[in-house]
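What follows is a single structure, written as structure tokens, with notes after it.
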Protein chains: 2
Amino acid sequence: MNIGAAAEHSGLPAKTIRYYEDIGLLRASRATNGYRDYSTDDLHRLKFLQRARSLGFTVEECRQLLSLYADKDRDSADVKAIASNKLDEIDKKIAQLQSLRAVLSHLVANCHGNDRPDCPIIDDLAGEAH
Amino acid sequence: MNIGAAAEHSGLPAKTIRYYEDIGLLRASRATNGYRDYSTDDLHRLKFLQRARSLGFTVEECRQLLSLYADKDRDSADVKAIASNKLDEIDKKIAQLQSLRAVLSHLVANCHGNDRPDCPIIDDLAGEAH
DNA sequence: GCTTGAACTTCCAGTTACTAGAACCTTTAT
DNA sequence: ATAAAGGTTCTAGTAACTGGAAGTTCAAGC
């Protein structure tokens, strides 16, 4: 299967698939014409990558997950550790964004948003506490 | 004032200040020895940048905000527009992360995390719906 | 006056995960 | 035969820094 079809089936752009090959995430065999040729197993790996990435795992984490995926004797604890870590990171990120949101929404709510120059948002950025 | 002191007062690393100069966010005058020399106004701008960045504004947004900061005849509506936009982005990001979090925490909760190989996290990534 | 170390200078490379585009080759359809 | 579609490689650009190298300049101590 050519890269275009593999892209379609996996939901990853062809460019991205080539990139993943570049960084050694997976290698496809080549047909006689030099085109990449994807097997059913390759397709599974591509879909696996697509799902893992969309869940927020980094490419390096995907590399680990792929190798755990390939290892039929893995400990589920190893997988869980990676996922739990990611969960913690997501929680931290959410908390951070929520605190940003609170500050920013307070500022926005207090700005008249008219054609006059006085603006509590600018004042706050300038360090002029009200 | 030298860049080291400016860094200390603004809370921005010296490297970052030089970078901001590189991309034209602000320019400092030079002393006779070639060292950058920061005025009180420069310091205000640096602190302004530090606050705006920590609120999640991109460098390009900071550029706009800085120019509105400098413009005493600005319309507060222009500032509010940028901030409201950012608020929307933050909201979208939070929603996205929360939905990720839901999926991931479900997977983590269902994985035994022991020394056995069966793992619902891997199964899900592999597309094997339970 | 000399030396040492900190702080300054510039410039280049690396980070993350792609994405755009150029130049070229192969396949498929008309 | 030719044109469009899809494949190939390679380079460079994105965001916002950060690290490090190689080379001044300054301040302090002897």
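Every chain in the structure tokens has a letter given in the order shown (A, B, ...), and although residue numbers restart at 1 in each chain, ligands are simply numbered from 1 in the order shown.
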
Any idea which chain D residues end up within 8 Å of chain A if we count only C-alpha atoms (C1' of nucleotides), as number ranges by chain please?
-> D: 6-8

Return as an NGL selection string the residues belonging to chain C that are within 12 Å of chain A, counting only C-alpha atoms (C1' of nucleotides).
-> :C and (16-20 or 25-27)

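Summary of the local environment: counting only C-alpha atoms (C1' of nucleotides), residues at most 12 Å from Leu68 in chain B, other than itself and those fewer than 2 positions away along its chain, are Pro117, Asp118, Cys119, Ile121, Ile122, Asp123, Leu125 and Ala126 of chain A; Arg45, Phe48, Glu61, Cys62, Arg63, Gln64, Leu65, Leu66, Ala70, Asp71, Lys72, Asp73, Arg74, Asp75, Ser76, Ala77, Asp78, Val79, Lys80, Ala81 and Ile82 of chain B.
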
Given the selection you just returned, output its residues as a file containing N, CA, C and O atoms, formatted as a tab-separated table (two decimals), in the first residue's frame.
```tsv
chain	number	residue	atom	x	y	z
A	117	PRO	N	-9.10	55.86	25.89
A	117	PRO	CA	-7.80	55.19	26.07
A	117	PRO	C	-7.61	54.46	27.40
A	117	PRO	O	-6.78	53.56	27.49
A	118	ASP	N	-8.36	54.83	28.43
A	118	ASP	CA	-8.09	54.21	29.72
A	118	ASP	C	-8.52	52.75	29.70
A	118	ASP	O	-9.63	52.41	29.30
A	119	CYS	N	-7.57	51.91	30.14
A	119	CYS	CA	-7.79	50.48	29.96
A	119	CYS	C	-7.10	49.69	31.07
A	119	CYS	O	-5.88	49.71	31.21
A	121	ILE	N	-6.61	46.66	31.37
A	121	ILE	CA	-5.76	45.55	30.90
A	121	ILE	C	-4.34	46.07	30.71
A	121	ILE	O	-3.38	45.49	31.25
A	122	ILE	N	-4.23	47.17	29.98
A	122	ILE	CA	-2.92	47.79	29.78
A	122	ILE	C	-2.33	48.20	31.13
A	122	ILE	O	-1.15	47.99	31.40
A	123	ASP	N	-3.16	48.77	31.98
A	123	ASP	CA	-2.67	49.21	33.28
A	123	ASP	C	-2.08	48.04	34.06
A	123	ASP	O	-1.02	48.16	34.68
A	125	LEU	N	-0.87	45.22	32.81
A	125	LEU	CA	0.37	44.77	32.17
A	125	LEU	C	1.50	45.73	32.50
A	125	LEU	O	2.65	45.33	32.64
A	126	ALA	N	1.15	47.00	32.63
A	126	ALA	CA	2.17	48.01	32.93
A	126	ALA	C	2.56	47.95	34.40
A	126	ALA	O	3.49	48.63	34.83
B	45	ARG	N	8.96	48.55	29.79
B	45	ARG	CA	8.55	47.73	28.65
B	45	ARG	C	8.92	46.25	28.88
B	45	ARG	O	8.14	45.36	28.55
B	48	PHE	N	6.49	44.86	31.23
B	48	PHE	CA	5.24	44.72	30.49
B	48	PHE	C	5.26	43.42	29.69
B	48	PHE	O	4.32	42.62	29.73
B	61	GLU	N	1.37	39.10	19.72
B	61	GLU	CA	0.35	39.84	20.46
B	61	GLU	C	1.00	40.86	21.38
B	61	GLU	O	0.52	41.98	21.54
B	62	CYS	N	2.13	40.47	21.95
B	62	CYS	CA	2.86	41.39	22.82
B	62	CYS	C	3.30	42.62	22.02
B	62	CYS	O	3.29	43.74	22.52
B	63	ARG	N	3.68	42.38	20.80
B	63	ARG	CA	4.10	43.48	19.94
B	63	ARG	C	2.94	44.48	19.77
B	63	ARG	O	3.11	45.69	19.89
B	64	GLN	N	1.76	43.92	19.51
B	64	GLN	CA	0.58	44.80	19.36
B	64	GLN	C	0.28	45.52	20.68
B	64	GLN	O	-0.01	46.72	20.70
B	65	LEU	N	0.32	44.75	21.76
B	65	LEU	CA	-0.02	45.33	23.06
B	65	LEU	C	0.97	46.43	23.43
B	65	LEU	O	0.58	47.47	23.96
B	66	LEU	N	2.24	46.19	23.12
B	66	LEU	CA	3.26	47.20	23.40
B	66	LEU	C	2.96	48.49	22.64
B	66	LEU	O	3.14	49.59	23.17
B	70	ALA	N	2.07	52.13	24.15
B	70	ALA	CA	2.79	53.36	23.82
B	70	ALA	C	1.85	54.45	23.30
B	70	ALA	O	2.15	55.64	23.39
B	71	ASP	N	0.72	54.03	22.76
B	71	ASP	CA	-0.20	54.97	22.14
B	71	ASP	C	-1.20	55.52	23.15
B	71	ASP	O	-2.14	54.84	23.53
B	72	LYS	N	-0.97	56.75	23.57
B	72	LYS	CA	-1.83	57.31	24.61
B	72	LYS	C	-3.25	57.60	24.11
B	72	LYS	O	-4.14	57.90	24.90
B	73	ASP	N	-3.44	57.55	22.81
B	73	ASP	CA	-4.78	57.80	22.24
B	73	ASP	C	-5.47	56.51	21.81
B	73	ASP	O	-6.43	56.53	21.05
B	74	ARG	N	-4.92	55.38	22.27
B	74	ARG	CA	-5.51	54.10	21.86
B	74	ARG	C	-6.99	54.04	22.27
B	74	ARG	O	-7.42	54.75	23.18
B	75	ASP	N	-7.72	53.14	21.61
B	75	ASP	CA	-9.07	52.81	22.07
B	75	ASP	C	-8.95	51.59	22.98
B	75	ASP	O	-8.32	50.60	22.60
B	76	SER	N	-9.55	51.66	24.13
B	76	SER	CA	-9.46	50.50	25.02
B	76	SER	C	-10.10	49.28	24.34
B	76	SER	O	-9.75	48.14	24.65
B	77	ALA	N	-11.00	49.53	23.40
B	77	ALA	CA	-11.64	48.42	22.68
B	77	ALA	C	-10.61	47.57	21.93
B	77	ALA	O	-10.76	46.35	21.82
B	78	ASP	N	-9.56	48.23	21.43
B	78	ASP	CA	-8.53	47.49	20.69
B	78	ASP	C	-7.79	46.53	21.61
B	78	ASP	O	-7.45	45.40	21.24
B	79	VAL	N	-7.51	47.00	22.82
B	79	VAL	CA	-6.84	46.14	23.79
B	79	VAL	C	-7.77	45.01	24.20
B	79	VAL	O	-7.38	43.83	24.22
B	80	LYS	N	-9.00	45.37	24.46
B	80	LYS	CA	-9.97	44.36	24.90
B	80	LYS	C	-10.16	43.27	23.85
B	80	LYS	O	-10.31	42.09	24.20
B	81	ALA	N	-10.11	43.66	22.58
B	81	ALA	CA	-10.30	42.68	21.51
B	81	ALA	C	-9.21	41.61	21.57
B	81	ALA	O	-9.48	40.41	21.45
B	82	ILE	N	-7.98	42.05	21.74
B	82	ILE	CA	-6.86	41.11	21.81
B	82	ILE	C	-7.02	40.19	23.01
B	82	ILE	O	-6.89	38.97	22.91
```

Restricting to only C-alpha atoms (C1' of nucleotides), whichever of C:DG21, C:DT15, C:DA29, C:DT3 is closest to DA16 in chain D is C:DT15

Going by DSSP on the backbone, which bits of chain B are helix (DSSP H, G or I)? Write them as a PyMOL selection string, please.
-> chain B and resi 3-10+14-22+40-54+59-70+76-110+120-125

Find the distance between CA of Asp124 in chain A and CA of Gln96 in chain B and write it in Å to one decimal.
-> 28.4 Å

Can you list, as JSON, numbers by chain, every protein, DNA or RNA residue that comes within 12 Å of DC12 in chain C when you count only C-alpha atoms (C1' of nucleotides), leaving out same-chain residues fewer than 4 positions away?
-> {"D": [19, 20, 21, 22]}

Could you pull out all residues of chain A with a DSSP call of strand (DSSP E or B) and give them as a ChimeraX atom specification?
-> /A:29-30,36-37

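Put simply, C1' of DT10 in chain C is 19.9 Å away from CA of Leu12 in chain B.
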
Using CA of Gln98 in chain B and CA of Lys93 in chain A as the two end points, give the distance in Å to one decimal.
-> 10.0 Å

Non-local contacts of Leu100 in chain A (10 Å; only C-alpha atoms (C1' of nucleotides); under 6 positions in same chain excluded) as a PyMOL selection string | (chain A and resi 94+106) or (chain B and resi 54-56+87+90)

Residue contacts of Gly127 in chain A (12 Å, only C-alpha atoms (C1' of nucleotides)) excluding same-chain residues fewer than 5 positions away, as a ChimeraX atom specification = /A:120-122 /B:10,43-52,69
